[in-house]
Amino acid sequence: MTFMLTLRPIDEQLAEYSELFMLIAASIYTIAFIAFTIDMVRSSATIRRVEAELATERDRESAMAGVGAAGSGSGGAGTGGSEGGGPESGGGVEPVELVDDEMAYTGTKRPIANVAVALTVVAALAHAFAVITRGIAANRVPWANMFEFLTSAALIVSLVYLVALIRRDLRFLGVFAVGLVVIMMVGATIGFPTPVGHVQPALQNPWIWIHVSLAAIAIGLFALTFAMNILQLIQQRRERAMTAAGRGEDADGEASSRVSRWQFLRLVPSSVALENWAYRINAIGFVFWTMGPLITGAIWAEETWGRYWGWDTKEVWTFVIWVVYAGYLHARATRGWTGNRSAWLSIIGFACIIFNYAVVNVYFPGLHSYAGLPE
Amino acid sequence: MSEKKDRGKAAKREKAGDYIPADHKDAKADRSDVTLPSLGFVGMLRWAWRQLTSMRTALMLLLLLAVAAVPGSIWPQRVQDAFAVQTWIDDNPTVGPVLDFFQLFDVYSSVWFSAIYLLLFISLIGCILPRTRKHWQHIRSAPPRTPRRLEKLPEYGALELESKAAGDDADAPDTEQVIEDARRVLKKRGYRTDVREAGSDARGRQVPASIGAEKGYSKEVGNLLFHIALVGVLVFVALGSMFSYRGQKIIMEDEAFVNALVAYDNFYPGTYFDEDQLHPFSITLNDFDRVFDRQSEEYFGQALDFTADVTVQEGTDEEPRQEELSVNDPLTLGGARLFLVGNGYAPVVTVEDSNGDVAFSGPVVTRPEDSVYTSMMVIKAPDAQPEQLGFQGMFLPTSHEVEDGLAVSIDPELGNPQLQLDSYYGDLGLDDGTPQNVYVLDTENLEELNSRSAEAGGIVLEPGQTYELPDGMGSISFDEVIDYMAVDIHYNPGQVGVLVFALTALGGLIMTLFIRRRRAWVTVETTEEGRVLVRYGLLSRGEDFSLRDENIALRSDFEKKWPVRAPEEN
Ligand code: HEM
């Protein structure tokens, strides 16, 4: 019998380029992360400036339109913000809603955040190059071990974020999204450094393309909603504090100090808008999770191991995560479970995902750990 | 303009507190708020049923299911590896039996896990049935009554059409034509429409002519489809596990396996399995090929490909044919599927006893322990006289001596095959009939003859060599090495059904999550100046983020149809 080895040899030169670009990408992401952080910290200054600008503009308008029209002139921008009506730090300037529910911003120029976005784009390009060349070097999908899965998934997270950024102004999520990417890249490099190589027979299957990439997209989407739901919880505390302060229920000044301490949140949409957006994205993520890990995973498992579902540790966690997000979708339709409680379910869902990849993959034995040879 | 925007916002805020689409809020959630009534037995039952089929219970059961699935990833499970479970219990003699009592090694067939998912599915069915009936009625009934005040709806707009009579440049069609135009526009946007004549309501108030319209009925269809398909998945999973069978077999080179119960090493029948179900086929392993990485430095020797060259025969009268069996590439024989799940080396050995009689002869399955195929082996020769003989040790495909007497395998291929064994004599414990693991030698009742750890050393053999055992107990010879493969044989008649329903569920899910369910109303009346005034309002049922876009689109469609008067300043 003749047997041909169909695997093409590893292109070592290209593999080195891939590793170099992975490092470059990680470094640029880190700088972008720092820029996003600076933008967040400096947001009070930005807000004060914007408010001052808006105030002068308003003064000019009212001066032109005469005294009588002044009230209606401010109506357009002011109605949303007056909902809280609390004592903002603006020193006499009436608080303005800086971002609406569709995430359109009012007059906020944030040069540092823009630099951060630009850096993220550059990093993502280098990152994509690194991932693709790694695939070409090995002549297979570049996500067949922990290092590769983490770096590919990080690329997807970053691309999902950038694509979402085209549609909506999600700069407020930068710290979280890029922060997660940095963590994944560092985790891959330090935790699972793996040189380019061929993969064992069970992984040489076309399903790996679909299965893993759908999973990665789902994770990218869930990562965004995770950040949004956390911000939603924080934002809601601030909104509550604002209402309390506005009603004069703020005897010890705690509420208003909370309001002014979290200036950054004025650049973050309202908790309701965050919740709505998280839901939309979670719904898409859920569909991807259903198609990817759940259905194509089962098809592949049937082809390789002869059973579509065997409660292997990874299968257990795929199921758990699916059920948690199904619970989330239900919760949003269940009275008493909307808002914060369903946000918590979404957060728990992502915590399970992290657990699945960081702990289950590494410490729990199972077929997916690809440890070695047959029993 | 800004006023309209604010109204939209207010509506959204309102919705945020209460996302529940109108129909299942009143149908479900309200019921779960009911406190225990004193309605007798039937009343109690009805109350319990309502509780079970409430959204809140469904949510609780879902979350409970997620939590209940977790232990199965913490402790070994019998469905996967009964041997690992036994080892775990043996290693933890106090905790082990307790966990076992609570079925923590059989989580997915345990009473408590089953109870949760069965309750969930009962709740599911109890939820689907009334909803299906309700939606069926809904589909067949006309869109709802036109509300009196459209401007109260989340999205609202009004258009005044030009009229020559009122001194404008252009002239608009009459109200009847406008109604017809509006109906067409709505129809084209996918609404089902219902035209209502002008008249007066029950209290005698004047009501303008209007259109009621609704679209997105398939959102709820998708939701029902999704939930029904989940039941389908469960049913076929259950059917599959009733009529399936699954077995494992190690097949030596040149050995033929005939699909019969006695031929299996392990066999796991479904609940209603019948031996006649076994598909008649046979398979012979002709040759086994392994490919290892020889190029990379880091991964030198890593397994890349396994291929078995086999001869199969389906039924008894069909022609035998050549096939290749490899990882990821199963064979289908009859309805059964055959998977390559493992492989290894089988040294052929002959054991003679002190009388010179052959006590054992043949290939011995070894279990690879690492990537260089350092393989464990055990030989039992119960027929040896006067004492039974047993051997345990290692097979090394490419043996390399690292220090005196100690050798390791350095490559998975057969470079320098070697046996390294310890020998024992005495009672192997096979005679009393208790089943034994063939890969484990119970040395408790055995005397050590020689050992690699003893000074005199153990048995070291290369192919073709024979070793004389101490004290004239006999001899062992290592003849050659052949390959073996481990196959899993599965038959599951339910899995096509599972796949079909899983894909249906996916389709339903996509429908329910991304189709928008909307209602629209249009009223047409004539103003005092004699112009036609068109008002319209939009309402979404459930989540709808793009209702505003719908408003804009509708407006632009209308503007294309009629000469719309520019909105008056102030
Ligand atoms: C087997 C367990 C179940 C799973 C995995 C599941 C999953 C889901 C998912 C993923 C959705 C979101 C799709 C959508 O919004 O239409 C959903 C919606 C829904 N489910 Fe379930 N479900 C289960 C059981 C139940 C039960 C027992 C009930 C009835 C009490 C129920 C009632 C509903 C309703 C009313 C919706 C629509 C919610 C909405 O409009 O947002 N489900 N379900």
# chains A, B, ... in the order shown; residues from 1 in each chain; ligands from 1
>>> residues_near_ligand(ligand="ligand 1", cutoff="6 Å", atoms="only C-alpha atoms and all ligand atoms", output="list of chain:residue names")
A:Ala326, A:Leu329, A:His330, A:Ala333, B:Thr53, B:Ser54, B:Met55, B:Ala58, B:Leu120, B:Phe121, B:Ser123, B:Leu124, B:Cys127, B:Asn223, B:Leu509, B:Thr512, B:Leu513
>>> closest_atom_pairs(of="chain B", to="chain A", cutoff="6 Å", atoms="only C-alpha atoms", output="CSV")
residue,atom,partner,partner_atom,distance
B:Ser2,CA,A:Gly76,CA,5.6
B:Ile20,CA,A:Ala333,CA,5.1
B:Met55,CA,A:Thr334,CA,5.9
B:Leu59,CA,A:Gly327,CA,5.8
B:Leu62,CA,A:Gly327,CA,6.0
B:Ala66,CA,A:Val320,CA,4.8
B:Ser73,CA,A:Thr313,CA,4.7
B:Ala303,CA,A:Gln200,CA,5.8
B:Leu304,CA,A:Gln200,CA,5.0
B:Asp305,CA,A:Pro201,CA,5.2
B:Val327,CA,A:Ala202,CA,5.9
B:Asn328,CA,A:Thr304,CA,4.3
B:Gly342,CA,A:Pro374,CA,4.6
>>> atom_distance(atom1="atom CA of Ser218 of chain B", atom2="atom CA of Ile217 of chain A")
26.9 Å
>>> residues_around(residues="Ala520 of chain B", least_positions_apart="3", cutoff="12 Å", atoms="only C-alpha atoms", output="short mmCIF file (atom, residue, chain, number, x, y, z; two decimals) with C-alpha atoms, in the first residue's frame")
data_model
loop_
_atom_site.label_atom_id
_atom_site.label_comp_id
_atom_site.auth_asym_id
_atom_site.auth_seq_id
_atom_site.Cartn_x
_atom_site.Cartn_y
_atom_site.Cartn_z
CA PRO B 143 -55.16 43.83 12.81
CA PRO B 144 -56.37 45.50 15.99
CA ARG B 145 -58.74 48.41 16.27
CA THR B 146 -57.42 51.83 15.35
CA PRO B 147 -56.51 53.73 18.53
CA LEU B 150 -52.28 57.98 17.24
CA LEU B 153 -47.94 55.87 20.04
CA PRO B 154 -44.14 55.52 20.28
CA GLU B 155 -43.72 56.62 16.68
CA TYR B 156 -46.11 59.07 15.13
CA GLY B 157 -46.28 61.33 12.13
CA ALA B 182 -51.72 54.27 2.06
CA ARG B 183 -52.93 50.70 2.04
CA VAL B 185 -47.71 51.51 0.71
CA LEU B 186 -48.25 49.46 3.84
CA LYS B 187 -48.84 46.32 1.84
CA ARG B 189 -43.78 47.23 3.24
CA GLY B 190 -45.05 43.81 4.24
CA TYR B 191 -48.02 44.71 6.38
CA ARG B 192 -51.30 42.96 6.44
CA THR B 193 -53.96 45.66 6.16
CA ASP B 194 -57.54 46.21 7.07
CA VAL B 195 -59.44 49.27 5.86
CA SER B 210 -58.44 54.37 8.87
CA ILE B 211 -56.24 51.42 8.11
CA GLY B 212 -55.09 48.94 10.67
CA ALA B 213 -51.96 47.05 9.68
CA GLU B 214 -49.70 44.50 11.20
CA LYS B 215 -46.60 42.62 10.16
CA GLY B 216 -44.02 40.25 11.57
CA ARG B 517 -43.33 42.60 14.86
CA THR B 523 -56.14 57.75 9.61
CA ARG B 535 -51.86 60.71 10.47
CA TYR B 536 -50.04 57.53 11.21
CA GLY B 537 -48.70 55.81 14.28
CA LEU B 538 -46.43 52.83 14.80
CA LEU B 539 -46.20 50.37 17.63
CA SER B 540 -43.87 47.49 18.05
CA ARG B 541 -44.58 44.42 20.04
CA LEU B 547 -39.14 51.57 14.78
CA GLU B 550 -39.63 52.44 9.94
CA ASN B 551 -41.29 55.76 10.64
CA LEU B 554 -42.93 55.11 5.78
#
>>> closest_residue(among="A:Val160, A:Leu231, A:Leu170, A:Leu150", to="Ile183 of chain A", atoms="only C-alpha atoms")
A:Leu150
>>> closest_residue(among="A:Val157, A:Val175, A:Leu165, A:Met146", to="Ile34 of chain A", atoms="only C-alpha atoms")
A:Val175
>>> residues_around(residues="Ala154 of chain A", least_positions_apart="4", cutoff="10 Å", atoms="only C-alpha atoms", output="PyMOL selection string")
chain A and resi 124+127+148-150+158-160+177-178+180-185+188+216-217+219-220
>>> write_last_selection(atoms="N, CA and C atoms", output="CSV table (one decimal), in the first residue's frame")
chain,number,residue,atom,x,y,z
A,124,ALA,N,-4.5,46.0,14.8
A,124,ALA,CA,-5.4,44.9,14.3
A,124,ALA,C,-4.8,44.5,13.0
A,127,HIS,N,-1.8,42.4,13.6
A,127,HIS,CA,-2.3,41.2,14.3
A,127,HIS,C,-2.9,40.3,13.2
A,148,GLU,N,-2.7,29.7,19.7
A,148,GLU,CA,-3.4,30.1,18.4
A,148,GLU,C,-4.8,30.5,18.7
A,149,PHE,N,-5.5,29.8,19.5
A,149,PHE,CA,-6.9,30.1,19.7
A,149,PHE,C,-7.0,31.5,20.4
A,150,LEU,N,-6.1,31.7,21.4
A,150,LEU,CA,-6.2,33.0,22.1
A,150,LEU,C,-5.9,34.1,21.2
A,158,SER,N,-11.0,42.2,18.6
A,158,SER,CA,-10.6,43.5,18.2
A,158,SER,C,-11.3,43.9,16.9
A,159,LEU,N,-11.5,43.0,16.0
A,159,LEU,CA,-12.2,43.3,14.7
A,159,LEU,C,-13.7,43.6,15.0
A,160,VAL,N,-14.3,42.7,15.9
A,160,VAL,CA,-15.7,43.0,16.2
A,160,VAL,C,-15.9,44.4,16.8
A,177,ALA,N,-12.6,46.7,25.6
A,177,ALA,CA,-12.3,45.8,24.5
A,177,ALA,C,-10.8,45.6,24.3
A,178,VAL,N,-10.1,46.7,24.2
A,178,VAL,CA,-8.7,46.6,23.9
A,178,VAL,C,-8.0,46.0,25.1
A,180,LEU,N,-9.1,43.7,27.0
A,180,LEU,CA,-9.3,42.3,26.9
A,180,LEU,C,-8.4,41.7,25.9
A,181,VAL,N,-8.2,42.4,24.8
A,181,VAL,CA,-7.3,41.9,23.7
A,181,VAL,C,-5.9,41.9,24.3
A,182,VAL,N,-5.5,42.9,25.0
A,182,VAL,CA,-4.1,42.9,25.5
A,182,VAL,C,-4.0,41.7,26.5
A,183,ILE,N,-5.0,41.4,27.3
A,183,ILE,CA,-4.9,40.3,28.3
A,183,ILE,C,-4.7,39.0,27.5
A,184,MET,N,-5.6,38.9,26.4
A,184,MET,CA,-5.5,37.6,25.7
A,184,MET,C,-4.2,37.4,25.0
A,185,MET,N,-3.6,38.5,24.4
A,185,MET,CA,-2.3,38.4,23.8
A,185,MET,C,-1.2,38.0,24.8
A,188,ALA,N,-1.6,34.5,25.9
A,188,ALA,CA,-1.1,33.5,24.9
A,188,ALA,C,0.4,33.4,24.9
A,216,ALA,N,-15.3,32.0,18.0
A,216,ALA,CA,-14.5,33.2,18.3
A,216,ALA,C,-15.4,34.4,18.0
A,217,ILE,N,-16.2,34.4,17.0
A,217,ILE,CA,-17.1,35.6,16.7
A,217,ILE,C,-18.0,35.7,17.9
A,219,ILE,N,-17.6,34.8,20.9
A,219,ILE,CA,-16.9,35.3,22.1
A,219,ILE,C,-16.6,36.8,21.9
A,220,GLY,N,-16.2,37.2,20.7
A,220,GLY,CA,-16.0,38.7,20.5
A,220,GLY,C,-17.2,39.5,20.8
>>> residues_around(residues="Ala351 of chain A", least_positions_apart="2", cutoff="12 Å", atoms="only C-alpha atoms", output="count of residues only")
25
